[in-house]
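S.K.: Got final.pdb for you, PDB, C-alpha atoms:
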```pdb
ATOM      1  CA  MET A   1     -42.006   3.188-134.125
ATOM      2  CA  VAL A   2     -41.757   3.518-130.420
ATOM      3  CA  THR A   3     -38.351   3.532-128.928
ATOM      4  CA  ALA A   4     -37.801   2.713-125.344
ATOM      5  CA  PRO A   5     -36.386   5.531-123.295
ATOM      6  CA  ALA A   6     -32.645   5.256-122.768
ATOM      7  CA  ALA A   7     -31.892   3.157-119.738
ATOM      8  CA  LYS A   8     -30.647   5.179-116.816
ATOM      9  CA  PRO A   9     -27.035   4.365-115.969
ATOM     10  CA  ALA A  10     -26.782   2.049-112.979
ATOM     11  CA  VAL A  11     -25.900   3.993-109.833
ATOM     12  CA  GLY A  12     -23.402   2.095-107.740
ATOM     13  CA  LYS A  13     -24.603   1.949-104.145
ATOM     14  CA  PRO A  14     -21.892   1.914-101.495
ATOM     15  CA  ALA A  15     -21.233  -1.653-100.366
ATOM     16  CA  GLY A  16     -21.501  -0.437 -96.798
ATOM     17  CA  PHE A  17     -18.689   0.192 -94.365
ATOM     18  CA  PRO A  18     -16.966  -3.159 -93.604
ATOM     19  CA  THR A  19     -18.634  -4.780 -90.621
ATOM     20  CA  ALA A  20     -15.391  -6.320 -89.340
ATOM     21  CA  ILE A  21     -13.727  -2.912 -89.126
ATOM     22  CA  ALA A  22     -16.770  -1.275 -87.525
ATOM     23  CA  ASP A  23     -17.003  -4.080 -84.968
ATOM     24  CA  ALA A  24     -13.288  -3.800 -84.188
ATOM     25  CA  MET A  25     -13.646  -0.055 -83.751
ATOM     26  CA  VAL A  26     -16.605  -0.376 -81.376
ATOM     27  CA  ALA A  27     -14.867  -3.090 -79.342
ATOM     28  CA  SER A  28     -11.762  -0.919 -79.107
ATOM     29  CA  VAL A  29     -13.666   2.170 -77.981
ATOM     30  CA  GLU A  30     -15.445   0.121 -75.333
ATOM     31  CA  ALA A  31     -12.164  -1.381 -74.121
ATOM     32  CA  VAL A  32     -10.137   1.838 -74.028
ATOM     33  CA  LEU A  33     -12.859   4.092 -72.640
ATOM     34  CA  GLY A  34     -13.810   1.357 -70.194
ATOM     35  CA  THR A  35     -10.240   1.365 -68.882
ATOM     36  CA  ILE A  36      -9.965   5.139 -68.766
ATOM     37  CA  CYS A  37     -13.417   5.898 -67.359
ATOM     38  CA  GLY A  38     -13.855   2.813 -65.201
ATOM     39  CA  ALA A  39     -17.154   2.013 -66.923
ATOM     40  CA  LYS A  40     -18.189   0.758 -70.353
ATOM     41  CA  PRO A  41     -19.324   3.644 -72.580
ATOM     42  CA  VAL A  42     -22.934   3.711 -73.791
ATOM     43  CA  ARG A  43     -23.782   3.707 -77.525
ATOM     44  CA  HIS A  44     -26.055   6.510 -78.702
ATOM     45  CA  GLU A  45     -27.655   7.379 -82.017
ATOM     46  CA  PRO A  46     -25.230   9.606 -83.934
ATOM     47  CA  THR A  47     -26.080  13.300 -83.662
ATOM     48  CA  ALA A  48     -25.200  16.186 -85.922
ATOM     49  CA  ALA A  49     -22.000  18.088 -85.151
ATOM     50  CA  GLY A  50     -23.772  21.306 -84.147
ATOM     51  CA  ASP A  51     -22.143  24.686 -83.597
ATOM     52  CA  ARG A  52     -20.156  23.981 -80.462
ATOM     53  CA  PRO A  53     -16.393  24.373 -80.647
ATOM     54  CA  CYS A  54     -14.807  20.974 -80.926
ATOM     55  CA  VAL A  55     -11.509  19.221 -81.347
ATOM     56  CA  ILE A  56     -11.173  16.495 -83.986
ATOM     57  CA  ALA A  57      -8.353  13.990 -84.323
ATOM     58  CA  VAL A  58      -7.951  12.157 -87.643
ATOM     59  CA  LEU A  59      -5.930   8.977 -88.032
ATOM     60  CA  SER A  60      -5.616   6.587 -90.968
ATOM     61  CA  PHE A  61      -5.063   2.859 -91.157
ATOM     62  CA  ASP A  62      -2.847   1.533 -93.917
ATOM     63  CA  GLY A  63      -4.039  -1.884 -95.034
ATOM     64  CA  SER A  64      -6.704  -3.452 -97.199
ATOM     65  CA  PRO A  65      -8.964  -1.596 -97.363
ATOM     66  CA  ALA A  66      -7.284   1.610 -96.218
ATOM     67  CA  TRP A  67      -9.596   3.579 -93.967
ATOM     68  CA  THR A  68      -9.692   6.677 -91.824
ATOM     69  CA  VAL A  69     -11.322   7.560 -88.521
ATOM     70  CA  SER A  70     -12.089  10.924 -87.004
ATOM     71  CA  CYS A  71     -12.717  11.396 -83.303
ATOM     72  CA  ARG A  72     -14.759  14.456 -82.272
ATOM     73  CA  LEU A  73     -14.993  15.961 -78.781
ATOM     74  CA  THR A  74     -16.848  19.178 -77.953
ATOM     75  CA  ASP A  75     -15.410  21.891 -75.741
ATOM     76  CA  GLU A  76     -17.593  20.493 -72.939
ATOM     77  CA  ALA A  77     -16.437  16.880 -73.192
ATOM     78  CA  ALA A  78     -12.792  17.282 -74.176
ATOM     79  CA  PRO A  79     -11.420  18.854 -70.954
ATOM     80  CA  SER A  80     -13.397  16.429 -68.783
ATOM     81  CA  LEU A  81     -12.474  13.244 -70.633
ATOM     82  CA  MET A  82      -8.881  14.255 -71.267
ATOM     83  CA  ARG A  83      -8.442  15.135 -67.572
ATOM     84  CA  LYS A  84      -9.446  11.564 -66.810
ATOM     85  CA  PHE A  85      -7.058  10.213 -69.472
ATOM     86  CA  ALA A  86      -4.031  12.363 -68.694
ATOM     87  CA  GLY A  87      -4.495  12.758 -64.948
ATOM     88  CA  PHE A  88      -4.280  16.549 -64.979
ATOM     89  CA  ASP A  89      -6.273  19.570 -66.228
ATOM     90  CA  ILE A  90      -5.776  20.617 -69.844
ATOM     91  CA  PRO A  91      -7.519  23.793 -71.082
ATOM     92  CA  PHE A  92      -9.567  23.288 -74.251
ATOM     93  CA  ASP A  93      -7.808  26.123 -76.099
ATOM     94  CA  SER A  94      -4.286  25.000 -75.240
ATOM     95  CA  ALA A  95      -1.723  23.326 -77.492
ATOM     96  CA  ASP A  96      -1.677  20.459 -74.981
ATOM     97  CA  MET A  97      -5.331  19.705 -75.777
ATOM     98  CA  GLY A  98      -4.430  18.958 -79.374
ATOM     99  CA  ASP A  99      -1.503  16.889 -78.139
ATOM    100  CA  VAL A 100      -3.540  14.803 -75.685
ATOM    101  CA  VAL A 101      -6.458  14.156 -78.057
ATOM    102  CA  GLY A 102      -3.941  12.968 -80.633
ATOM    103  CA  GLU A 103      -2.433  10.666 -78.009
ATOM    104  CA  PHE A 104      -5.867   9.359 -77.051
ATOM    105  CA  VAL A 105      -6.626   8.453 -80.670
ATOM    106  CA  ASN A 106      -3.177   6.874 -80.942
ATOM    107  CA  VAL A 107      -3.949   4.658 -77.921
ATOM    108  CA  LEU A 108      -7.289   3.752 -79.455
ATOM    109  CA  ALA A 109      -5.610   2.932 -82.775
ATOM    110  CA  GLY A 110      -3.300   0.464 -81.052
ATOM    111  CA  GLU A 111      -6.311  -1.396 -79.693
ATOM    112  CA  VAL A 112      -8.045  -1.246 -83.090
ATOM    113  CA  ILE A 113      -5.035  -2.818 -84.815
ATOM    114  CA  ALA A 114      -4.927  -5.581 -82.198
ATOM    115  CA  GLN A 115      -8.689  -6.188 -82.614
ATOM    116  CA  LEU A 116      -8.342  -6.282 -86.421
ATOM    117  CA  GLU A 117      -5.436  -8.703 -86.194
ATOM    118  CA  ARG A 118      -7.724 -11.086 -84.274
ATOM    119  CA  ARG A 119      -9.999 -10.785 -87.306
ATOM    120  CA  ARG A 120      -7.010 -11.581 -89.563
ATOM    121  CA  MET A 121      -6.739  -8.048 -90.944
ATOM    122  CA  LYS A 122      -3.288  -6.440 -90.832
ATOM    123  CA  TYR A 123      -2.920  -2.678 -90.523
ATOM    124  CA  ARG A 124      -0.422   0.057 -89.712
ATOM    125  CA  MET A 125      -1.503   3.318 -88.107
ATOM    126  CA  SER A 126      -0.589   6.810 -89.242
ATOM    127  CA  LEU A 127       0.362   9.639 -86.918
ATOM    128  CA  PRO A 128      -2.722  11.629 -85.821
ATOM    129  CA  THR A 129      -3.705  15.004 -87.228
ATOM    130  CA  VAL A 130      -5.691  17.251 -84.880
ATOM    131  CA  LEU A 131      -7.970  20.170 -85.708
ATOM    132  CA  ARG A 132      -9.868  22.538 -83.436
ATOM    133  CA  GLY A 133     -12.639  24.962 -84.307
ATOM    134  CA  THR A 134     -16.364  25.504 -84.616
ATOM    135  CA  GLY A 135     -18.656  23.755 -87.052
ATOM    136  CA  ILE A 136     -15.892  21.542 -88.447
ATOM    137  CA  GLN A 137     -17.179  18.773 -90.656
ATOM    138  CA  LEU A 138     -15.123  16.067 -92.259
ATOM    139  CA  VAL A 139     -16.868  15.574 -95.564
ATOM    140  CA  SER A 140     -16.340  12.105 -96.905
ATOM    141  CA  GLU A 141     -16.642  11.852-100.668
ATOM    142  CA  SER A 142     -19.993  11.117-102.190
ATOM    143  CA  GLY A 143     -20.603   7.408-102.377
ATOM    144  CA  SER A 144     -17.762   6.458-100.066
ATOM    145  CA  ASP A 145     -18.544   3.930 -97.389
ATOM    146  CA  SER A 146     -18.786   5.411 -93.944
ATOM    147  CA  LYS A 147     -20.156   4.743 -90.495
ATOM    148  CA  THR A 148     -20.588   7.032 -87.508
ATOM    149  CA  VAL A 149     -20.768   5.842 -83.895
ATOM    150  CA  ASP A 150     -21.507   7.978 -80.829
ATOM    151  CA  PHE A 151     -20.690   7.051 -77.266
ATOM    152  CA  GLY A 152     -21.657   8.553 -73.915
ATOM    153  CA  THR A 153     -19.293   8.428 -70.966
ATOM    154  CA  PRO A 154     -19.507   9.914 -67.463
ATOM    155  CA  TYR A 155     -17.237  12.663 -68.849
ATOM    156  CA  GLY A 156     -19.191  13.567 -71.972
ATOM    157  CA  ARG A 157     -19.984  12.305 -75.432
ATOM    158  CA  ILE A 158     -17.499  11.285 -78.085
ATOM    159  CA  GLN A 159     -18.173  10.665 -81.765
ATOM    160  CA  PHE A 160     -16.237   8.565 -84.258
ATOM    161  CA  GLU A 161     -16.696   8.689 -88.007
ATOM    162  CA  MET A 162     -15.064   5.923 -90.023
ATOM    163  CA  PHE A 163     -14.764   6.097 -93.786
ATOM    164  CA  ILE A 164     -13.031   4.559 -96.758
ATOM    165  CA  PRO A 165     -11.870   7.441 -98.964
ATOM    166  CA  LYS A 166     -11.730   6.974-102.701
ATOM    167  CA  VAL A 167      -8.401   8.768-102.680
ATOM    168  CA  PRO A 168      -6.226   7.969 -99.656
ATOM    169  CA  VAL A 169      -6.188  10.696 -97.026
ATOM    170  CA  GLN A 170      -2.731  12.263 -96.805
ATOM    171  CA  THR A 171      -1.539  11.514 -93.310
ATOM    172  CA  ARG A 172       1.970  11.247 -91.938
ATOM    173  CA  MET A 173       3.347   7.803 -91.192
ATOM    174  CA  PRO A 174       5.675   7.164 -88.216
ATOM    175  CA  GLY A 175       9.353   7.659 -88.923
ATOM    176  CA  THR A 176       8.759  10.146 -91.724
TER     177      THR A 176
ATOM    178  CA  MET B   1      25.537   6.472 -52.204
ATOM    179  CA  LEU B   2      22.979   5.879 -54.971
ATOM    180  CA  HIS B   3      22.136   8.979 -56.960
ATOM    181  CA  LYS B   4      18.865   9.419 -58.820
ATOM    182  CA  LEU B   5      18.526   7.078 -61.793
ATOM    183  CA  LYS B   6      18.880   9.108 -64.988
ATOM    184  CA  ALA B   7      16.012   8.245 -67.310
ATOM    185  CA  LEU B   8      15.474   9.297 -70.920
ATOM    186  CA  VAL B   9      11.778   9.649 -71.825
ATOM    187  CA  VAL B  10      11.149   9.616 -75.572
ATOM    188  CA  ASP B  11       7.721  10.554 -76.972
ATOM    189  CA  ASP B  12       6.551  13.111 -79.530
ATOM    190  CA  SER B  13       3.705  14.024 -77.168
ATOM    191  CA  ARG B  14       4.669  16.421 -74.376
ATOM    192  CA  VAL B  15       1.561  15.354 -72.488
ATOM    193  CA  MET B  16       2.435  11.661 -72.777
ATOM    194  CA  ARG B  17       5.999  12.318 -71.589
ATOM    195  CA  GLY B  18       4.423  13.976 -68.566
ATOM    196  CA  MET B  19       2.139  10.982 -68.030
ATOM    197  CA  VAL B  20       5.067   8.548 -68.202
ATOM    198  CA  MET B  21       7.151  10.600 -65.780
ATOM    199  CA  GLU B  22       4.253  10.995 -63.361
ATOM    200  CA  ALA B  23       3.503   7.264 -63.420
ATOM    201  CA  LEU B  24       7.182   6.488 -62.755
ATOM    202  CA  ARG B  25       7.243   8.960 -59.851
ATOM    203  CA  LYS B  26       4.121   7.361 -58.346
ATOM    204  CA  SER B  27       5.321   3.797 -58.970
ATOM    205  CA  GLN B  28       7.610   3.680 -55.920
ATOM    206  CA  LEU B  29      10.447   2.533 -58.118
ATOM    207  CA  PRO B  30      13.771   4.295 -57.385
ATOM    208  CA  ASP B  31      13.899   8.078 -57.786
ATOM    209  CA  PHE B  32      14.435   9.268 -61.341
ATOM    210  CA  GLU B  33      16.011  12.343 -62.884
ATOM    211  CA  PHE B  34      14.413  12.806 -66.322
ATOM    212  CA  THR B  35      15.728  13.924 -69.696
ATOM    213  CA  GLU B  36      13.071  14.298 -72.399
ATOM    214  CA  ALA B  37      13.306  13.730 -76.157
ATOM    215  CA  GLU B  38      10.597  14.335 -78.758
ATOM    216  CA  ASP B  39      11.535  11.668 -81.310
ATOM    217  CA  GLY B  40      14.129   9.000 -82.002
ATOM    218  CA  ALA B  41      16.607  11.378 -83.612
ATOM    219  CA  ASP B  42      16.415  13.789 -80.663
ATOM    220  CA  ALA B  43      16.788  10.810 -78.316
ATOM    221  CA  LEU B  44      20.046   9.711 -79.978
ATOM    222  CA  VAL B  45      21.475  13.194 -79.477
ATOM    223  CA  LYS B  46      20.375  13.317 -75.823
ATOM    224  CA  LEU B  47      21.707   9.803 -75.192
ATOM    225  CA  ALA B  48      25.123  10.753 -76.549
ATOM    226  CA  ALA B  49      25.239  14.013 -74.591
ATOM    227  CA  ASN B  50      23.940  12.907 -71.177
ATOM    228  CA  PRO B  51      24.666  10.077 -68.743
ATOM    229  CA  ILE B  52      21.534   7.929 -69.062
ATOM    230  CA  HIS B  53      20.825   4.744 -67.105
ATOM    231  CA  ILE B  54      17.469   3.722 -68.605
ATOM    232  CA  ALA B  55      15.211   4.802 -71.494
ATOM    233  CA  PHE B  56      11.418   4.750 -71.878
ATOM    234  CA  VAL B  57      10.587   4.903 -75.568
ATOM    235  CA  ASP B  58       7.416   5.504 -77.559
ATOM    236  CA  TRP B  59       7.104   3.648 -80.892
ATOM    237  CA  ASN B  60       5.218   5.805 -83.384
ATOM    238  CA  MET B  61       6.964   9.165 -83.709
ATOM    239  CA  PRO B  62       7.874  11.410 -86.633
ATOM    240  CA  ASN B  63      11.428  11.592 -88.045
ATOM    241  CA  MET B  64      12.703   8.429 -86.318
ATOM    242  CA  THR B  65      10.506   5.806 -84.668
ATOM    243  CA  GLY B  66      11.211   4.350 -81.258
ATOM    244  CA  ILE B  67      12.246   1.030 -82.754
ATOM    245  CA  GLU B  68      14.698   2.753 -85.093
ATOM    246  CA  PHE B  69      16.111   4.590 -82.070
ATOM    247  CA  VAL B  70      16.530   1.369 -80.058
ATOM    248  CA  LYS B  71      18.331  -0.320 -82.962
ATOM    249  CA  ALA B  72      20.601   2.685 -83.525
ATOM    250  CA  ALA B  73      21.383   3.022 -79.818
ATOM    251  CA  ARG B  74      22.187  -0.689 -79.547
ATOM    252  CA  ALA B  75      24.474  -0.466 -82.585
ATOM    253  CA  ALA B  76      26.248   2.584 -81.154
ATOM    254  CA  ALA B  77      26.760   0.873 -77.786
ATOM    255  CA  LYS B  78      28.184  -2.207 -79.521
ATOM    256  CA  THR B  79      30.596  -0.082 -81.550
ATOM    257  CA  ALA B  80      31.739   1.796 -78.449
ATOM    258  CA  LYS B  81      31.935  -1.489 -76.472
ATOM    259  CA  ASP B  82      29.599   0.031 -73.883
ATOM    260  CA  ILE B  83      27.187  -1.974 -71.765
ATOM    261  CA  PRO B  84      23.808  -1.187 -73.332
ATOM    262  CA  ILE B  85      21.325   0.567 -71.059
ATOM    263  CA  PRO B  86      17.901  -0.972 -70.438
ATOM    264  CA  MET B  87      15.291   0.274 -72.905
ATOM    265  CA  VAL B  88      11.557  -0.107 -72.356
ATOM    266  CA  MET B  89       8.972   0.487 -75.089
ATOM    267  CA  VAL B  90       5.974   2.487 -73.815
ATOM    268  CA  THR B  91       3.531   2.306 -76.690
ATOM    269  CA  SER B  92       0.009   1.887 -77.993
ATOM    270  CA  GLU B  93       1.234  -1.005 -80.192
ATOM    271  CA  LYS B  94       0.198  -4.295 -78.646
ATOM    272  CA  THR B  95       0.169  -7.056 -81.248
ATOM    273  CA  ILE B  96       2.369 -10.137 -80.793
ATOM    274  CA  GLY B  97       4.279  -9.193 -83.947
ATOM    275  CA  LYS B  98       5.162  -5.760 -82.595
ATOM    276  CA  ILE B  99       6.195  -7.153 -79.212
ATOM    277  CA  GLU B 100       8.453  -9.681 -80.937
ATOM    278  CA  GLU B 101       9.866  -6.969 -83.170
ATOM    279  CA  ALA B 102      10.728  -4.846 -80.151
ATOM    280  CA  LEU B 103      12.098  -7.506 -77.834
ATOM    281  CA  ASP B 104      13.603 -10.082 -80.193
ATOM    282  CA  GLN B 105      14.690  -8.039 -83.184
ATOM    283  CA  ALA B 106      15.425  -4.532 -81.933
ATOM    284  CA  GLY B 107      16.780  -5.505 -78.516
ATOM    285  CA  ALA B 108      14.350  -3.678 -76.221
ATOM    286  CA  ASP B 109      14.220  -5.058 -72.698
ATOM    287  CA  GLY B 110      10.596  -4.431 -71.811
ATOM    288  CA  PHE B 111       7.222  -3.450 -73.172
ATOM    289  CA  VAL B 112       4.490  -1.384 -71.474
ATOM    290  CA  THR B 113       1.251  -0.755 -73.372
ATOM    291  CA  LYS B 114      -0.746   2.460 -73.167
ATOM    292  CA  PRO B 115      -2.854   3.251 -71.251
ATOM    293  CA  PHE B 116      -0.918   2.295 -68.127
ATOM    294  CA  THR B 117      -1.126   2.895 -64.390
ATOM    295  CA  ALA B 118       1.664   3.525 -61.913
ATOM    296  CA  GLU B 119       0.978   0.070 -60.453
ATOM    297  CA  GLU B 120       1.439  -1.598 -63.847
ATOM    298  CA  MET B 121       4.658   0.316 -64.383
ATOM    299  CA  ALA B 122       5.959  -0.853 -61.016
ATOM    300  CA  LYS B 123       5.008  -4.461 -61.677
ATOM    301  CA  ARG B 124       6.444  -4.636 -65.206
ATOM    302  CA  LEU B 125       9.558  -2.614 -64.631
ATOM    303  CA  ALA B 126      10.861  -3.662 -61.204
ATOM    304  CA  LYS B 127      13.496  -6.094 -62.506
ATOM    305  CA  ILE B 128      14.550  -3.887 -65.397
ATOM    306  CA  VAL B 129      14.917  -0.843 -63.134
ATOM    307  CA  GLU B 130      16.916  -2.943 -60.669
ATOM    308  CA  ARG B 131      19.247  -3.818 -63.523
ATOM    309  CA  ALA B 132      19.602  -0.099 -64.339
ATOM    310  CA  VAL B 133      20.434   0.591 -60.674
ATOM    311  CA  GLN B 134      23.163  -2.083 -60.767
ATOM    312  CA  LEU B 135      24.593  -0.540 -63.928
ATOM    313  CA  GLN B 136      24.575   2.884 -62.299
ATOM    314  CA  LEU B 137      26.420   1.544 -59.254
ATOM    315  CA  LYS B 138      28.926  -0.189 -61.522
ATOM    316  CA  LYS B 139      29.634   3.054 -63.372
ATOM    317  CA  GLN B 140      29.959   4.950 -60.097
ATOM    318  CA  ARG B 141      32.488   2.396 -58.835
ATOM    319  CA  GLU B 142      34.402   2.522 -62.115
ATOM    320  CA  LEU B 143      34.580   6.299 -61.877
ATOM    321  CA  ALA B 144      35.791   5.943 -58.313
ATOM    322  CA  GLY B 145      38.351   3.364 -59.482
ATOM    323  CA  GLY B 146      36.649   0.389 -57.776
ATOM    324  CA  ALA B 147      35.973  -3.179 -58.987
ATOM    325  CA  SER B 148      33.240  -3.707 -61.572
ATOM    326  CA  ALA B 149      30.132  -5.762 -60.879
ATOM    327  CA  THR B 150      29.470  -8.872 -62.881
ATOM    328  CA  ASP B 151      26.955  -8.468 -65.677
ATOM    329  CA  GLY B 152      23.942 -10.729 -65.478
ATOM    330  CA  ALA B 153      21.560 -11.457 -68.331
ATOM    331  CA  MET B 154      18.956  -8.707 -68.858
ATOM    332  CA  PRO B 155      15.549 -10.029 -67.873
ATOM    333  CA  ARG B 156      12.976  -9.643 -70.633
ATOM    334  CA  ILE B 157       9.731  -8.292 -69.284
ATOM    335  CA  TYR B 158       6.432  -8.015 -71.030
TER     336      TYR B 158
END
```
Output the structure of this file as structure tokens.

M.R.:
Amino acid sequence: MVTAPAAKPAVGKPAGFPTAIADAMVASVEAVLGTICGAKPVRHEPTAAGDRPCVIAVLSFDGSPAWTVSCRLTDEAAPSLMRKFAGFDIPFDSADMGDVVGEFVNVLAGEVIAQLERRRMKYRMSLPTVLRGTGIQLVSESGSDSKTVDFGTPYGRIQFEMFIPKVPVQTRMPGT
Amino acid sequence: MLHKLKALVVDDSRVMRGMVMEALRKSQLPDFEFTEAEDGADALVKLAANPIHIAFVDWNMPNMTGIEFVKAARAAAKTAKDIPIPMVMVTSEKTIGKIEEALDQAGADGFVTKPFTAEEMAKRLAKIVERAVQLQLKKQRELAGGASATDGAMPRIY
């Protein structure tokens, strides 16, 4: 008697990062960077993080679905772009650089929430968390939905990774 | 003689406080003397300890949000029977719901969204700052034993 081999368990493929959120994020980046830089940023194919020192700001959106975004700037781009944003020089290695990148992501998050509300999706933003170092990678869990977008500006490149974690990322909410 | 307008700048970001103060300096509004606070709780302490004529308040901060600060400051002014100072939200929040929450529910007098320029600050804040100047003059006259100015309605500016 021939028995059929056991069926392999079905592997759930990620549904894909929600288009509405990705579109809102792209529109927000274009709006905010357009205001700051005086020109619409240019989309690029996402590139690997590489070994350059970088600063990364992480911020989460509380809603349905809950999602998180990281914003990465290298040591070349961060001082240039943040000088344009803040209006004064900020050394890459300074505490103020972490402060200003967190503020930049906060400003972006406000635009994202407004864009999502136009798409009838209600969210609250967390406070940003900022990291600085070399070779930092935010590893989203296997199978989680994610999308990475890269932009070029006259002041350097900036990368955003959006993901829906299976377990909510622990971030601090305002007022706590 | 009009002294510098005493402004409280509330934001958990030192850099953003600097950006707000620089934009106000460049805006050609009256001269300011600044007191800084890093969250709503710190702002309440500074407000109680210093003569303040106007406050510029971020929304999303740790410990106590800007909206919680505005509500607490309004409640304290009401209890003390003080004329409330003008309070302007300076924030990345920009939805209609948040604007209504700030202006209609919490009692803020104005709303400036980030990012902002000195020109936008000047345009949005001119009437509110003028009101703060009138309040400052009133307090100066009261201290000097003079007559008090009449209080007009606070213009709401968005």

S.K.: Select all residues from chain B having any atom no more than 8 Å from an atom of chain A (counting only C-alpha atoms, ignoring ligands), output as an NGL selection string.

M.R.: :B and (13-16 or 19 or 60-65 or 91-95 or 114-115)

S.K.: Contacts of Ala78 of chain A at 9 Å or less, counting all atoms listed in the file, minus same-chain residues fewer than 2 places along, as a PyMOL selection string?

M.R.: chain A and resi 54-55+72-76+80-83+90-92+97+101+155-158

S.K.: Which residues, written as a PyMOL selection string, have at least one atom at most 6 Å from Phe160 of chain A, with all atoms listed in the file counted and residues fewer than 6 positions away on the same chain left out?

M.R.: chain A and resi 70-71+148-149

S.K.: So what do you get for atom CA of Asp31 of chain B versus atom CA of Leu8 of chain B, distance-wise?

M.R.: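 Separating atom CA of Asp31 of chain B from atom CA of Leu8 of chain B is a distance of 13.3 Å.
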
S.K.: Could you write out as number ranges by chain the residues that the PyMOL selection byres ((chain B and resi 89) around 7) matches in the shown file?

M.R.: B: 56-59, 87-88, 90-91, 108, 110-112

S.K.: I'd like the residues picked by the PyMOL selection byres ((chain B and resi 75-81) around 12) written out as number ranges by chain, using the chain letters and numbers from the file.

M.R.: B: 44-45, 47-48, 68-74, 82-86, 106-107

S.K.: Could the residues in this selection be saved with C-alpha atoms as a compact mmCIF listing (two decimals), in the coordinates of the input?

M.R.:
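The new file out27.txt reads:
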```txt
# COMPACT_ATOMS: atom_id res chain seq x y z
CA LEU B 44 20.05 9.71 -79.98
CA VAL B 45 21.48 13.19 -79.48
CA LEU B 47 21.71 9.80 -75.19
CA ALA B 48 25.12 10.75 -76.55
CA GLU B 68 14.70 2.75 -85.09
CA PHE B 69 16.11 4.59 -82.07
CA VAL B 70 16.53 1.37 -80.06
CA LYS B 71 18.33 -0.32 -82.96
CA ALA B 72 20.60 2.68 -83.52
CA ALA B 73 21.38 3.02 -79.82
CA ARG B 74 22.19 -0.69 -79.55
CA ASP B 82 29.60 0.03 -73.88
CA ILE B 83 27.19 -1.97 -71.76
CA PRO B 84 23.81 -1.19 -73.33
CA ILE B 85 21.32 0.57 -71.06
CA PRO B 86 17.90 -0.97 -70.44
CA ALA B 106 15.42 -4.53 -81.93
CA GLY B 107 16.78 -5.50 -78.52
```

S.K.: Could you state the separation of atom CA of Asp150 of chain A and atom CA of Val42 of chain A in Å, given to one decimal place?

M.R.: 8.4 Å

S.K.: So the first atom is atom CA of Asp89 of chain A and the second is atom CA of Thr117 of chain B; what is the distance between them in Å, to one decimal place?

M.R.: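 Separation between atom CA of Asp89 of chain A and atom CA of Thr117 of chain B: 17.5 Å.
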